[in-house]
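Pasting coords-v1.pdb here (PDB, C-alpha atoms and all ligand atoms):
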ATOM      1  CA  MET B 195     -13.920  -0.993  72.228  1.00  0.00           C
ATOM      2  CA  SER B 196     -16.413  -2.231  69.687  1.00  0.00           C
ATOM      3  CA  ASP B 197     -20.112  -1.822  70.049  1.00  0.00           C
ATOM      4  CA  PRO B 198     -21.837  -5.167  70.876  1.00  0.00           C
ATOM      5  CA  ASP B 199     -24.537  -4.299  68.345  1.00  0.00           C
ATOM      6  CA  ASP B 200     -21.892  -4.232  65.645  1.00  0.00           C
ATOM      7  CA  ILE B 201     -20.697  -7.688  66.658  1.00  0.00           C
ATOM      8  CA  PHE B 202     -24.202  -9.079  66.412  1.00  0.00           C
ATOM      9  CA  ALA B 203     -24.759  -7.431  63.060  1.00  0.00           C
ATOM     10  CA  GLU B 204     -21.538  -8.930  61.769  1.00  0.00           C
ATOM     11  CA  LEU B 205     -22.451 -12.371  63.090  1.00  0.00           C
ATOM     12  CA  ARG B 206     -25.821 -12.142  61.421  1.00  0.00           C
ATOM     13  CA  VAL B 207     -24.202 -11.279  58.114  1.00  0.00           C
ATOM     14  CA  GLN B 208     -21.834 -14.241  58.439  1.00  0.00           C
ATOM     15  CA  LEU B 209     -24.687 -16.591  59.308  1.00  0.00           C
ATOM     16  CA  GLU B 210     -26.823 -15.393  56.440  1.00  0.00           C
ATOM     17  CA  ALA B 211     -23.955 -15.621  54.008  1.00  0.00           C
ATOM     18  CA  GLY B 212     -23.148 -19.185  55.003  1.00  0.00           C
ATOM     19  CA  ASP B 213     -26.701 -20.354  55.176  1.00  0.00           C
ATOM     20  CA  ASN B 214     -28.547 -19.895  51.933  1.00  0.00           C
ATOM     21  CA  ASP B 215     -31.197 -22.504  52.468  1.00  0.00           C
ATOM     22  CA  HIS B 216     -33.082 -21.712  55.631  1.00  0.00           C
ATOM     23  CA  ASN B 217     -34.118 -25.225  56.455  1.00  0.00           C
ATOM     24  CA  TYR B 218     -33.962 -24.883  60.203  1.00  0.00           C
ATOM     25  CA  PRO B 219     -37.136 -26.258  61.686  1.00  0.00           C
ATOM     26  CA  GLU B 220     -38.890 -23.550  63.658  1.00  0.00           C
ATOM     27  CA  ARG B 221     -39.187 -25.369  66.882  1.00  0.00           C
ATOM     28  CA  ASP B 222     -39.273 -24.633  70.570  1.00  0.00           C
ATOM     29  CA  SER B 223     -36.373 -26.375  72.295  1.00  0.00           C
ATOM     30  CA  ASP B 224     -38.650 -27.372  75.167  1.00  0.00           C
ATOM     31  CA  ASP B 225     -40.948 -29.122  72.789  1.00  0.00           C
ATOM     32  CA  HIS B 226     -39.897 -32.768  72.847  1.00  0.00           C
ATOM     33  CA  GLU B 227     -41.899 -34.146  70.033  1.00  0.00           C
ATOM     34  CA  VAL B 228     -40.996 -37.777  69.566  1.00  0.00           C
ATOM     35  CA  GLU B 229     -41.046 -37.858  65.830  1.00  0.00           C
ATOM     36  CA  ALA B 230     -37.416 -38.710  65.247  1.00  0.00           C
ATOM     37  CA  ALA B 231     -36.252 -42.268  65.769  1.00  0.00           C
ATOM     38  CA  PRO B 232     -34.473 -42.902  69.061  1.00  0.00           C
ATOM     39  CA  PRO B 233     -30.681 -42.709  68.805  1.00  0.00           C
ATOM     40  CA  ALA B 234     -29.407 -45.796  67.033  1.00  0.00           C
ATOM     41  CA  THR B 235     -26.173 -45.847  68.980  1.00  0.00           C
ATOM     42  CA  LYS B 236     -25.151 -45.985  72.600  1.00  0.00           C
ATOM     43  CA  ARG B 237     -21.978 -45.919  74.603  1.00  0.00           C
ATOM     44  CA  CYS B 238     -20.805 -49.160  76.127  1.00  0.00           C
ATOM     45  CA  CYS B 239     -20.057 -48.978  79.855  1.00  0.00           C
ATOM     46  CA  GLY B 240     -17.309 -51.533  79.400  1.00  0.00           C
ATOM     47  CA  CYS B 241     -15.151 -50.522  76.457  1.00  0.00           C
ATOM     48  CA  LYS B 242     -16.548 -46.924  76.269  1.00  0.00           C
ATOM     49  CA  GLN B 243     -17.109 -47.270  72.538  1.00  0.00           C
ATOM     50  CA  VAL B 244     -20.134 -45.744  70.872  1.00  0.00           C
ATOM     51  CA  LEU B 245     -21.716 -48.669  69.072  1.00  0.00           C
ATOM     52  CA  PRO B 246     -24.930 -49.332  67.162  1.00  0.00           C
ATOM     53  CA  LEU B 247     -27.789 -50.619  69.330  1.00  0.00           C
ATOM     54  CA  ASP B 248     -27.513 -53.977  67.602  1.00  0.00           C
ATOM     55  CA  ALA B 249     -24.204 -54.453  69.362  1.00  0.00           C
ATOM     56  CA  PHE B 250     -26.029 -54.516  72.706  1.00  0.00           C
ATOM     57  CA  ALA B 251     -27.993 -57.470  74.012  1.00  0.00           C
ATOM     58  CA  ARG B 252     -31.667 -56.912  74.681  1.00  0.00           C
ATOM     59  CA  HIS B 253     -32.549 -56.287  78.302  1.00  0.00           C
ATOM     60  CA  ALA B 254     -36.230 -55.981  79.105  1.00  0.00           C
ATOM     61  CA  ASN B 255     -35.759 -54.233  82.460  1.00  0.00           C
ATOM     62  CA  ARG B 256     -33.741 -51.330  81.141  1.00  0.00           C
ATOM     63  CA  PRO B 257     -35.379 -48.108  79.943  1.00  0.00           C
ATOM     64  CA  ASP B 258     -33.844 -48.324  76.480  1.00  0.00           C
ATOM     65  CA  GLY B 259     -34.304 -52.084  76.340  1.00  0.00           C
ATOM     66  CA  ARG B 260     -30.606 -52.780  75.999  1.00  0.00           C
ATOM     67  CA  CYS B 261     -27.744 -53.816  78.240  1.00  0.00           C
ATOM     68  CA  THR B 262     -25.258 -51.185  79.397  1.00  0.00           C
ATOM     69  CA  THR B 263     -22.347 -53.143  77.960  1.00  0.00           C
ATOM     70  CA  CYS B 264     -21.919 -54.363  74.409  1.00  0.00           C
ATOM     71  CA  LEU B 265     -22.096 -58.018  73.415  1.00  0.00           C
ATOM     72  CA  GLU B 266     -18.337 -58.243  73.163  1.00  0.00           C
ATOM     73  CA  CYS B 267     -17.920 -56.883  76.701  1.00  0.00           C
ATOM     74  CA  ASN B 268     -20.694 -59.169  77.961  1.00  0.00           C
ATOM     75  CA  ARG B 269     -18.828 -62.102  76.497  1.00  0.00           C
ATOM     76  CA  GLU B 270     -15.571 -60.892  78.014  1.00  0.00           C
ATOM     77  CA  GLN B 271     -17.240 -60.358  81.397  1.00  0.00           C
ATOM     78  CA  SER B 272     -18.833 -63.784  81.496  1.00  0.00           C
ATOM     79  CA  ARG B 273     -15.563 -65.336  80.374  1.00  0.00           C
ATOM     80  CA  ALA B 274     -13.758 -63.578  83.218  1.00  0.00           C
ATOM     81  CA  TRP B 275     -16.501 -64.588  85.653  1.00  0.00           C
ATOM     82  CA  ARG B 276     -16.286 -68.224  84.567  1.00  0.00           C
ATOM     83  CA  ARG B 277     -12.536 -68.165  85.039  1.00  0.00           C
ATOM     84  CA  LYS B 278     -13.005 -66.799  88.540  1.00  0.00           C
ATOM     85  CA  ASN B 279     -15.917 -69.056  89.488  1.00  0.00           C
ATOM     86  CA  PRO B 280     -15.370 -72.341  87.663  1.00  0.00           C
ATOM     87  CA  GLU B 281     -17.521 -74.389  90.065  1.00  0.00           C
ATOM     88  CA  ARG B 282     -20.416 -71.969  89.955  1.00  0.00           C
ATOM     89  CA  ALA B 283     -20.065 -71.683  86.196  1.00  0.00           C
ATOM     90  CA  ALA B 284     -20.215 -75.461  85.895  1.00  0.00           C
ATOM     91  CA  ALA B 285     -23.280 -75.555  88.154  1.00  0.00           C
ATOM     92  CA  HIS B 286     -24.925 -72.836  86.037  1.00  0.00           C
ATOM     93  CA  TRP B 287     -24.087 -74.743  82.906  1.00  0.00           C
ATOM     94  CA  ARG B 288     -25.533 -77.981  84.287  1.00  0.00           C
ATOM     95  CA  ALA B 289     -28.685 -76.158  85.374  1.00  0.00           C
ATOM     96  CA  TRP B 290     -29.005 -74.603  81.935  1.00  0.00           C
ATOM     97  CA  LEU B 291     -28.508 -77.972  80.234  1.00  0.00           C
ATOM     98  CA  ALA B 292     -31.203 -79.487  82.458  1.00  0.00           C
ATOM     99  CA  ALA B 293     -33.559 -76.623  81.679  1.00  0.00           C
ATOM    100  CA  ASN B 294     -32.893 -76.698  77.914  1.00  0.00           C
ATOM    101  CA  PRO B 295     -32.552 -80.375  77.005  1.00  0.00           C
ATOM    102  CA  GLU B 296     -33.268 -79.831  73.315  1.00  0.00           C
ATOM    103  CA  ARG B 297     -30.758 -77.019  72.972  1.00  0.00           C
ATOM    104  CA  ALA B 298     -28.283 -79.112  74.976  1.00  0.00           C
ATOM    105  CA  ARG B 299     -28.644 -82.014  72.554  1.00  0.00           C
ATOM    106  CA  GLU B 300     -28.201 -79.652  69.640  1.00  0.00           C
ATOM    107  CA  LEU B 301     -25.061 -78.167  71.176  1.00  0.00           C
ATOM    108  CA  ALA B 302     -23.673 -81.643  71.865  1.00  0.00           C
ATOM    109  CA  ARG B 303     -24.337 -82.573  68.265  1.00  0.00           C
ATOM    110  CA  LEU B 304     -22.630 -79.423  66.994  1.00  0.00           C
ATOM    111  CA  ARG B 305     -19.661 -79.997  69.234  1.00  0.00           C
ATOM    112  CA  LYS B 306     -19.290 -83.581  68.055  1.00  0.00           C
ATOM    113  CA  ARG B 307     -19.480 -82.488  64.434  1.00  0.00           C
ATOM    114  CA  ARG B 308     -16.892 -79.765  64.978  1.00  0.00           C
ATOM    115  CA  GLU B 309     -14.643 -82.242  66.734  1.00  0.00           C
ATOM    116  CA  ARG B 310     -15.013 -84.723  63.862  1.00  0.00           C
ATOM    117  CA  GLN B 311     -14.208 -82.010  61.308  1.00  0.00           C
ATOM    118  CA  ARG B 312     -11.210 -80.904  63.299  1.00  0.00           C
ATOM    119  CA  ARG B 313      -9.843 -84.451  63.466  1.00  0.00           C
ATOM    120  CA  LYS B 314     -10.491 -84.915  59.774  1.00  0.00           C
ATOM    121  CA  ARG B 315      -8.636 -81.710  58.969  1.00  0.00           C
ATOM    122  CA  LEU B 316      -5.745 -82.756  61.209  1.00  0.00           C
ATOM    123  CA  ALA B 317      -5.597 -86.178  59.569  1.00  0.00           C
ATOM    124  CA  GLU B 318      -5.679 -84.597  56.126  1.00  0.00           C
ATOM    125  CA  SER B 319      -2.999 -82.043  56.886  1.00  0.00           C
ATOM    126  CA  SER B 320      -0.682 -84.640  58.425  1.00  0.00           C
ATOM    127  CA  ALA B 321      -1.324 -86.986  55.512  1.00  0.00           C
ATOM    128  CA  GLY B 322      -0.504 -84.181  53.105  1.00  0.00           C
ATOM    129  CA  ALA B 323       2.697 -83.364  54.995  1.00  0.00           C
ATOM    130  CA  GLU B 324       4.032 -86.899  54.656  1.00  0.00           C
TER     131      GLU B 324
HETATM  132 ZN    ZN A   1     -18.122 -52.845  75.076  1.00  0.00          ZN
END

Show this structure as structure tokens.
Amino acid sequence: MSDPDDIFAELRVQLEAGDNDHNYPERDSDDHEVEAAPPATKRCCGCKQVLPLDAFARHANRPDGRCTTCLECNREQSRAWRRKNPERAAAHWRAWLAANPERARELARLRKRRERQRRKRLAESSAGAE
């Protein structure tokens, strides 16, 4: 049986030996001074990954101002929802287009341009193959 005092003394020696620079802030653990930045990461409720806050969409009604799932999971969720509710998704989409006519025109323009580029690439690659 060893004396508990001896164990503490030994621990103290080990601590002091391994810790030459005593930089521990003398601070009460109950004292929650908000001087440090809030944690820059959070765990996604979807994929359970710990990701930087930037990977989460902003959400004004949440205490930390971010969604509980990461952008990738959000995308996956809305994709799955659209697959399950195609009519409602289409209705949503139409409502959004009506509410954002400028953005809708821009998207239509982008889509047309992408489509043109795709056709051009296809034409070029088939021309090159012949
Ligand atoms: Zn996720």

Separating atom CA of Ala234 of chain B from atom CA of Thr263 of chain B, to the nearest tenth of an Å, is a gap of 14.9 Å

**Q.** Given 10 Å and only C-alpha atoms and all ligand atoms, residues near ligand ZN 1 (chain A) as a list in words
**A.**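 The residues near ligand ZN 1 (chain A) are Arg237, Cys238, Cys239, Gly240, Cys241, Lys242, Gln243, Val244, Leu245, Ala249, Phe250, Thr262, Thr263, Cys264, Leu265, Glu266, Cys267, Asn268, Arg269, Glu270 and Gln271 of chain B.
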
task: Calculate how many Å separate atom CA of Asp258 of chain B from atom CA of Trp290 of chain B, rounding to one decimal.
output: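 Calculated distance between atom CA of Asp258 of chain B and atom CA of Trp290 of chain B is 27.3 Å.
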
Please measure the separation of atom CA of Pro295 of chain B and atom CA of Lys278 of chain B, giving the value in Å to one decimal.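 Computing the Euclidean distance for atom CA of Pro295 of chain B and atom CA of Lys278 of chain B yields 26.4 Å.
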
Taking all atoms of segment 254-259 of chain B that the file lists, what box with edges along x, y and z, padded by 5 Å per side, do you get, with centre and edge lengths in Å to one decimal, as lines of an AutoDock Vina configuration file?
center_x = -35.0
center_y = -52.0
center_z = 79.4
size_x = 12.5
size_y = 17.9
size_z = 16.1

Could you write segment 277-302 of chain B as a compact mmCIF listing (two decimals), keeping the file's coordinate frame, with N, CA and C atoms rebuilt where they are missing?
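Listed below is the output, part_4.txt:
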# COMPACT_ATOMS: atom_id res chain seq x y z
N ARG B 277 -13.90 -67.85 84.62
CA ARG B 277 -12.54 -68.17 85.04
C ARG B 277 -12.41 -68.05 86.55
N LYS B 278 -13.10 -67.04 87.10
CA LYS B 278 -13.00 -66.80 88.54
C LYS B 278 -13.86 -67.77 89.35
N ASN B 279 -14.98 -68.19 88.76
CA ASN B 279 -15.92 -69.06 89.49
C ASN B 279 -16.19 -70.34 88.71
N PRO B 280 -15.16 -71.17 88.52
CA PRO B 280 -15.37 -72.34 87.66
C PRO B 280 -16.45 -73.28 88.19
N GLU B 281 -16.51 -73.46 89.52
CA GLU B 281 -17.52 -74.39 90.06
C GLU B 281 -18.92 -73.86 89.83
N ARG B 282 -19.09 -72.56 90.13
CA ARG B 282 -20.42 -71.97 89.96
C ARG B 282 -20.80 -71.94 88.48
N ALA B 283 -19.78 -71.70 87.63
CA ALA B 283 -20.07 -71.68 86.20
C ALA B 283 -20.52 -73.06 85.74
N ALA B 284 -19.85 -74.09 86.26
CA ALA B 284 -20.22 -75.46 85.90
C ALA B 284 -21.63 -75.78 86.39
N ALA B 285 -21.94 -75.32 87.60
CA ALA B 285 -23.28 -75.56 88.15
C ALA B 285 -24.34 -74.86 87.30
N HIS B 286 -24.03 -73.60 86.91
CA HIS B 286 -24.92 -72.84 86.04
C HIS B 286 -25.17 -73.59 84.75
N TRP B 287 -24.06 -74.06 84.19
CA TRP B 287 -24.09 -74.74 82.91
C TRP B 287 -24.94 -76.00 83.01
N ARG B 288 -24.74 -76.77 84.10
CA ARG B 288 -25.53 -77.98 84.29
C ARG B 288 -27.01 -77.64 84.43
N ALA B 289 -27.29 -76.57 85.19
CA ALA B 289 -28.68 -76.16 85.37
C ALA B 289 -29.30 -75.76 84.03
N TRP B 290 -28.51 -75.04 83.23
CA TRP B 290 -29.00 -74.60 81.94
C TRP B 290 -29.28 -75.81 81.04
N LEU B 291 -28.34 -76.77 81.05
CA LEU B 291 -28.51 -77.97 80.23
C LEU B 291 -29.77 -78.71 80.64
N ALA B 292 -30.02 -78.79 81.97
CA ALA B 292 -31.20 -79.49 82.46
C ALA B 292 -32.47 -78.75 82.05
N ALA B 293 -32.39 -77.42 82.00
CA ALA B 293 -33.56 -76.62 81.68
C ALA B 293 -33.81 -76.57 80.18
N ASN B 294 -32.76 -76.79 79.38
CA ASN B 294 -32.89 -76.70 77.91
C ASN B 294 -32.40 -77.98 77.25
N PRO B 295 -33.07 -79.09 77.51
CA PRO B 295 -32.55 -80.38 77.00
C PRO B 295 -32.41 -80.41 75.49
N GLU B 296 -33.35 -79.78 74.78
CA GLU B 296 -33.27 -79.83 73.32
C GLU B 296 -32.07 -79.06 72.80
N ARG B 297 -31.89 -77.86 73.36
CA ARG B 297 -30.76 -77.02 72.97
C ARG B 297 -29.46 -77.72 73.35
N ALA B 298 -29.47 -78.41 74.51
CA ALA B 298 -28.28 -79.11 74.98
C ALA B 298 -27.90 -80.21 74.00
N ARG B 299 -28.92 -80.96 73.53
CA ARG B 299 -28.64 -82.01 72.55
C ARG B 299 -28.08 -81.43 71.28
N GLU B 300 -28.66 -80.30 70.86
CA GLU B 300 -28.20 -79.65 69.64
C GLU B 300 -26.74 -79.22 69.78
N LEU B 301 -26.44 -78.61 70.94
CA LEU B 301 -25.06 -78.17 71.18
C LEU B 301 -24.11 -79.35 71.18
N ALA B 302 -24.52 -80.46 71.81
CA ALA B 302 -23.67 -81.64 71.86
C ALA B 302 -23.41 -82.16 70.46
